[in-house]
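Worksheet for the structure shown next.
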Amino acid sequence: SHLRDHVNEMRVLGKCTVLVRQTRSLSTPSGRRRVVVTGSGAVTPLGNNGPDSWRRILAGESAISRLSAEFKGLPCQVAAQIPRENLQLDQHLTKSDIKLMSPATQLAVLAAEEALSTGKLCPKQLSEEELERFGVCVGMGMFDLAEVYGAWNQLQRGYNRVSPFFVPRLLPSMACGHISMRHGLRGPNHSVSTACATGAHALGDAMRFIRSGDADLMLAGSGEACIDPLSIAGFCRLRALSTAFNDNPAVASRPFDKSRDGFVMGEGAAVLLLEELEHARARGAPILAEILGYGLSGDAYHITSPSDDGAGATLAMKRAIQDAGIAPEDVTYVNAHATSTPTGDRIESHAIGRVFGAHTPQVRVSSTKGAHGHLLGSSGNLEALFVVLACANNKLPPSINIEHLDVDVNVVTKATDWSADQKRRVALKNSFGFGGTNASLCIASYI
């Protein structure tokens, strides 16, 4: 059994449980501290919070729409954008905050606020010692190119026209900085930028900080907001974006479907509150799921394309399973990276088959990108949030827009109950990025 110090006193302030004396747990029999998810927050094209986004995911709705006239002339005319008029930023951020923060950072800050709220945690009521063991691991895959273009245009009008906040707004690490300063969090402050694997790497790294004893709590995730003409043009030149469904945006993102022709860019942020298990138990926190394992690998192959044999994806999944200390047969769901590209989805499905072998038919697979597009560096963390909610609610999110299945895995096309006869619901969440960087998280229901 786990050995832990006793908490001398607990105090309840509103919705926030405050530990007066810090609780520390000793290592588990396996030699590792357990890490659970106690809060979640999201701002997505589907909704301004996690519950609304999850509800629309289960309903099979799409948030992809046609781009404005500003994007006229570009091959891709669709994206999954957040309606800015519904965000009500002024209710959460001051004018000074908005001036100092890039759009991606603003979204990450809002998601972190929701994660703290759902996790029933008030940092302002924590002790100094607790704040020193509360960290932030929030990344960004790609900074806003419109910000750079705008600053360049200002420079042409004169040096003094360039905003003194230009560089701070641009830095991927500033989301971490703003969240930590906002709440006085002095634990590990770590920013990740690994292209489309950013969010998953951020969660995995944060889990390891807690597991190794560097922190007891971590806010972890990513924010992304770079839907602008220059970014769309750049990805179009790579021939990465969908162009065949400009007249029917809702079906443009179609992972695993035979007619998929590229990904649809999305934007948003998602942040999870990760916590050491005994710390969470001591304060009576709601426990949504447990992060069991984390696997990383490199393709060592090509700047944008995975190798045909999917060796990197296979290795990341195997390492996550090994790190979790489970057997492949324990996994019954994979939330795939599948972005709706012709080669990527196929290669990932083959990698899943290699990892699970004869167990593959019992592993259900889906990609929620048909509903919210590809959030680049914020995709892995958002989709991990959906896996956490799937664990907590016994519901598997579907892949939508599939008319003719083009892969050899068991794809979920409608929201369905997870296997209730299992002792534990166990999933993998995959994320792969340009440059051949790969991450896989093993997430399970809490027991």
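A note on labels: chains of the structure tokens are A, B, ... as shown, every chain counts residues from 1, and ligands are counted from 1 in their shown order.
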
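Residues surrounding A:His178 within 9 Å are Asp97, Met101, Thr105 and Val109 of chain A [only C-alpha atoms; sequence separation below 6 positions excluded].
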
inquiry  = List as JSON, numbers by chain the protein and nucleic acid residues near A:Thr194, meaning an atom at most 8 Å away when only C-alpha atoms are counted, but skip any in the same chain fewer than 2 places from it.
reply    = {"A": [141, 192, 196, 197, 198, 201, 377, 433, 434, 437]}

Generate the output file for the selected residues, N, CA, C and O atoms, as a compact mmCIF listing (two decimals), in the first residue's frame.
```txt
# COMPACT_ATOMS: atom_id res chain seq x y z
N GLY A 141 3.05 25.55 -30.97
CA GLY A 141 3.72 24.94 -32.11
C GLY A 141 4.27 25.95 -33.09
O GLY A 141 5.37 25.79 -33.63
N VAL A 192 7.16 23.92 -24.46
CA VAL A 192 7.44 22.92 -25.49
C VAL A 192 7.07 23.49 -26.85
O VAL A 192 6.05 24.16 -26.99
N CYS A 196 3.43 19.77 -34.44
CA CYS A 196 2.10 19.26 -34.12
C CYS A 196 2.09 18.26 -32.98
O CYS A 196 1.02 17.77 -32.60
N ALA A 197 3.26 17.93 -32.43
CA ALA A 197 3.33 17.06 -31.25
C ALA A 197 3.46 17.87 -29.97
O ALA A 197 3.57 17.30 -28.88
N THR A 198 3.43 19.20 -30.07
CA THR A 198 3.67 20.07 -28.92
C THR A 198 2.79 19.75 -27.72
O THR A 198 3.28 19.57 -26.61
N HIS A 201 3.57 16.37 -26.08
CA HIS A 201 4.86 16.44 -25.38
C HIS A 201 4.74 17.26 -24.09
O HIS A 201 5.35 16.91 -23.07
N GLY A 377 0.01 22.72 -33.04
CA GLY A 377 0.63 22.42 -31.76
C GLY A 377 -0.34 22.24 -30.62
O GLY A 377 0.03 21.78 -29.54
N GLY A 433 4.72 15.24 -35.38
CA GLY A 433 4.99 16.58 -35.87
C GLY A 433 6.01 16.62 -36.98
O GLY A 433 6.79 15.67 -37.17
N PHE A 434 6.01 17.73 -37.73
CA PHE A 434 7.02 17.96 -38.76
C PHE A 434 8.41 17.79 -38.15
O PHE A 434 8.64 18.14 -36.99
N THR A 437 9.05 14.25 -35.24
CA THR A 437 8.95 14.11 -33.78
C THR A 437 7.62 13.48 -33.41
O THR A 437 6.56 13.87 -33.93
```

ask   = Using only C-alpha atoms, which of A:Ala59, A:Ala240, A:Ala384, A:Val138 sits nearest A:Thr413?
value = A:Ala59

task = as a list in words, please: all residues of stretch 300-412 of chain A that backbone DSSP puts in strand (DSSP E or B).
result =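 Answer for stretch 300-412 of chain A restricted to strand (DSSP E or B) is Tyr333, Val334, Asn335, Arg364, Val365, Ser366, His374, Lys395, Leu396, Leu405, Asn410 and Val411 of chain A.
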
request  = Excluding A:Asp205 and any residue of its chain fewer than 4 positions from it, enumerate the residues within 10 Å of it, using only C-alpha atoms, and give them as an MDAnalysis selection string.
outcome  = chainID A and resid 137 190:192 199:201 209:211 218 220 294

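Each of A:Ile352, A:Ala320, A:Val426, A:Met265 was compared to A:Leu441 using only C-alpha atoms, and A:Ala320 turns out to be the nearest.
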
request  = Excluding A:Gly60 and residues on its chain fewer than 5 positions from it, collect all residues at most 10 Å away from it, counting only C-alpha atoms, and give them as an MDAnalysis selection string.
outcome  = chainID A and resid 54:55 368 370:371 397:401 413:415

Since we have the selection now, will you write its residues out, keeping C-alpha atoms, as an mmCIF file, in the first residue's frame?
```cif
data_model
loop_
_atom_site.group_PDB
_atom_site.id
_atom_site.type_symbol
_atom_site.label_atom_id
_atom_site.label_comp_id
_atom_site.auth_asym_id
_atom_site.auth_seq_id
_atom_site.Cartn_x
_atom_site.Cartn_y
_atom_site.Cartn_z
ATOM 1 C CA TRP A 54 -17.174 17.600 -25.760
ATOM 2 C CA ARG A 55 -20.940 17.710 -26.267
ATOM 3 C CA THR A 368 -11.815 14.013 -33.748
ATOM 4 C CA GLY A 370 -13.139 15.916 -38.603
ATOM 5 C CA ALA A 371 -15.025 18.141 -36.154
ATOM 6 C CA PRO A 397 -15.680 10.133 -29.530
ATOM 7 C CA PRO A 398 -16.313 9.451 -33.222
ATOM 8 C CA SER A 399 -14.534 10.120 -36.483
ATOM 9 C CA ILE A 400 -16.981 11.969 -38.707
ATOM 10 C CA ASN A 401 -17.281 12.480 -42.462
ATOM 11 C CA THR A 413 -17.920 6.560 -36.650
ATOM 12 C CA LYS A 414 -20.573 7.327 -34.024
ATOM 13 C CA ALA A 415 -20.241 8.107 -30.329
#
```

message = At a cut-off of 12 Å, using only C-alpha atoms, what residues contact A:Ala351? Leave out same-chain residues fewer than 3 positions from it and give the result as a PyMOL selection string.
response = chain A and resi 306-318+334+336-338+344-348+354-357+360+407-409+430

Quick one: residues within 10 Å of A:Arg161, only C-alpha atoms, excluding same-chain residues fewer than 5 positions away - as a tab-separated table (two decimals) with C-alpha atoms, in the first residue's frame?
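Contents of selection.tsv, as written:
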```
chain	number	residue	atom	x	y	z
A	151	ALA	CA	5.42	44.38	-37.32
A	152	TRP	CA	7.40	44.38	-40.57
A	153	ASN	CA	4.91	46.75	-42.15
A	154	GLN	CA	5.15	49.00	-39.10
A	155	LEU	CA	8.94	49.02	-39.36
A	156	GLN	CA	8.69	50.34	-42.92
```

task = May I ask which of the residues A:Ser193, A:Ser431, A:Ser231, A:Asn160 is the closest one to A:Ala146, counting only C-alpha atoms?
result =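 Using only C-alpha atoms, the shortest distance to A:Ala146 belongs to A:Ser231.
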
inquiry  = as a ChimeraX atom specification, please: the residues near A:Gln106 (cut-off 9 Å, only C-alpha atoms, same-chain neighbours under 6 positions excluded).
reply    = /A:89,93,97-98,175,223

Could you write those residues out with all heavy atoms, as a short mmCIF file (atom, residue, chain, number, x, y, z; two decimals), in the first residue's frame?
```cif
data_model
loop_
_atom_site.label_atom_id
_atom_site.label_comp_id
_atom_site.auth_asym_id
_atom_site.auth_seq_id
_atom_site.Cartn_x
_atom_site.Cartn_y
_atom_site.Cartn_z
N LEU A 89 -13.44 38.27 -24.21
CA LEU A 89 -12.12 38.37 -23.59
C LEU A 89 -12.07 39.38 -22.46
O LEU A 89 -11.35 39.20 -21.47
CB LEU A 89 -11.08 38.73 -24.65
CG LEU A 89 -10.65 37.63 -25.62
CD1 LEU A 89 -9.73 38.19 -26.67
CD2 LEU A 89 -9.97 36.49 -24.87
N LEU A 93 -9.72 39.06 -19.27
CA LEU A 93 -8.42 39.69 -19.42
C LEU A 93 -8.56 41.21 -19.42
O LEU A 93 -9.55 41.75 -19.93
CB LEU A 93 -7.76 39.25 -20.73
CG LEU A 93 -7.55 37.74 -20.94
CD1 LEU A 93 -7.06 37.47 -22.35
CD2 LEU A 93 -6.58 37.18 -19.92
N ASP A 97 -3.48 43.04 -20.43
CA ASP A 97 -3.25 41.63 -20.76
C ASP A 97 -3.31 41.40 -22.26
O ASP A 97 -2.43 40.75 -22.85
CB ASP A 97 -4.30 40.74 -20.09
CG ASP A 97 -4.15 40.65 -18.59
OD1 ASP A 97 -3.03 40.82 -18.10
OD2 ASP A 97 -5.18 40.42 -17.91
N ILE A 98 -4.35 41.92 -22.89
CA ILE A 98 -4.55 41.71 -24.32
C ILE A 98 -3.42 42.33 -25.13
O ILE A 98 -2.99 41.80 -26.15
CB ILE A 98 -5.93 42.27 -24.74
CG1 ILE A 98 -7.04 41.43 -24.07
CG2 ILE A 98 -6.09 42.24 -26.25
CD1 ILE A 98 -8.43 42.00 -24.24
N ALA A 175 3.26 31.93 -22.95
CA ALA A 175 2.03 31.38 -22.37
C ALA A 175 2.32 30.84 -20.98
O ALA A 175 1.58 31.08 -20.02
CB ALA A 175 1.46 30.29 -23.27
N GLY A 223 -1.43 26.27 -26.69
CA GLY A 223 -2.35 27.17 -27.37
C GLY A 223 -1.85 27.43 -28.79
O GLY A 223 -0.64 27.44 -29.03
#
```

At most 12 Å is the cut-off: for each residue in stretch 270-378 of chain A with any atom that close to an atom of stretch 242-248 of chain A, write down the nearest atom pair and the distance in Å rounded to one decimal, counting only C-alpha atoms, chain first then increasing number, as JSON lines.
```
{"residue": "A:Thr339", "atom": "CA", "partner": "A:Ser242", "partner_atom": "CA", "distance": 10.4}
{"residue": "A:Ser340", "atom": "CA", "partner": "A:Ser242", "partner_atom": "CA", "distance": 8.4}
{"residue": "A:Thr341", "atom": "CA", "partner": "A:Ser242", "partner_atom": "CA", "distance": 8.3}
{"residue": "A:Pro342", "atom": "CA", "partner": "A:Ser242", "partner_atom": "CA", "distance": 10.3}
{"residue": "A:Gly370", "atom": "CA", "partner": "A:Ser242", "partner_atom": "CA", "distance": 11.8}
{"residue": "A:Gly373", "atom": "CA", "partner": "A:Ser242", "partner_atom": "CA", "distance": 10.6}
{"residue": "A:His374", "atom": "CA", "partner": "A:Ser242", "partner_atom": "CA", "distance": 11.2}
```

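Nearest residue to A:Gly50 among A:Thr118, A:Leu230, A:Ile321, A:Gly380 is A:Thr118, counting only C-alpha atoms.
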
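The spacing separating atom CA of A:Ser173 from atom CA of A:Ala108 amounts to 11.5 Å.
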
query = Out of stretch 322-383 of chain A, which residues get alpha helix (DSSP H) from DSSP, as a PyMOL selection string?
reply = chain A and resi 322-324+342-356+369-372+379-383

message = What does the structure give for the distance between atom CA of A:Ile326 and atom CA of A:Val36, in Å to one decimal?
response =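 Distance between the two atoms: 16.8 Å.
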